[in-house]
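What follows is one structure encoded as structure tokens, with my remarks underneath.
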Amino acid sequence: MAGGRKGNDQFEDMLPLMAERLGGEELIGELCKGFGLLMDREKGVITFDSLKKNSALLGLQDLGDDELEGMLREGDLDRDGALDQMEFCVLMFRLSPQLMDQSVALLEYALEQEFGWN
């Protein structure tokens, strides 16, 4: 999915590489597949229990309850205690500093081209 454990609590950010290789539409498709792996089938959202139960599918089995709860809190934009698909995708981008840097650079370039902002 978006990353993998390297050991010693280091997380290897694979999202930029995926974005480069897949392109925008396919990357979003892969993120949607990841969401599907982690979500609670009955509720259609990622809950703490579904994240804990299914995190090993993404190589995140070593994360503790506090880390999993922190991920949920960080991504839970509407504060309902769960992640819907949009919140999950936004969280994946936010957790990828390199991809966020690229996005900011592209936005700045677009604004400069459109409005002459420097």
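A note on labels: chains of the structure tokens are A, B, ... as shown, every chain counts residues from 1, and ligands are counted from 1 in their shown order.
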Inset, instruction - Name the residues in contact with Glu69 of chain A at a cut-off of 12 Å, using only C-alpha atoms, excluding same-chain residues fewer than 3 positions from it; report them as an MDAnalysis selection string. - result: chainID A and resid 46:52 63:66 72:76 81:83
Legend entry - Members of segment 63-102 of chain A assigned helix (DSSP H, G or I) by DSSP, as a list in words: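 Result set for segment 63-102 of chain A (helix (DSSP H, G or I)): Asp65, Asp66, Glu67, Leu68, Glu69, Gly70, Met71, Leu72, Arg73, Glu74, Gly75, Gln85, Met86, Glu87, Phe88, Cys89, Val90, Leu91, Met92, Phe93, Arg94, Pro97, Gln98, Leu99, Met100, Asp101 and Gln102 of chain A.
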Legend entry - Atomic separation - atom CA of Met39 of chain A relative to atom CA of Leu60 of chain A, Å: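 Atom-to-atom, atom CA of Leu60 of chain A and atom CA of Met39 of chain A are spaced 14.7 Å apart.
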Legend entry - For Leu57 of chain A: contacts at 9 Å, only C-alpha atoms, fewer than 4 positions along chain excluded, given as a list of chain:residue names: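 Here the answer would be A:Leu37, A:Leu38, A:Lys53, A:Gln61.
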Could the residues in this selection be written to a file with C-alpha atoms, as a PDB file, in the first residue's frame?
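That gives us part28.pdb:
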ATOM      1  CA  LEU A  37      -8.716  -3.958   3.245  1.00  0.00           C
ATOM      2  CA  LEU A  38      -8.865  -1.943   6.469  1.00  0.00           C
ATOM      3  CA  LYS A  53      -7.569  -6.472  13.053  1.00  0.00           C
ATOM      4  CA  GLN A  61       1.196  -5.403  12.721  1.00  0.00           C
TER       5      GLN A  61
END
Inset, instruction - Quote the spacing between atom CA of Met71 of chain A and atom CA of Leu31 of chain A in Å to one decimal place. - result: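 Value for the atom CA of Met71 of chain A-atom CA of Leu31 of chain A distance: 15.7 Å.
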Legend entry - Counting only C-alpha atoms, the option among A:Val45, A:Ala56, A:Gly70, A:Leu17 closest to Glu87 of chain A: A:Val45
Inset, instruction - State, in Å with one decimal place, the distance from atom CA of Leu58 of chain A to atom CA of Cys32 of chain A. - result: 13.4 Å
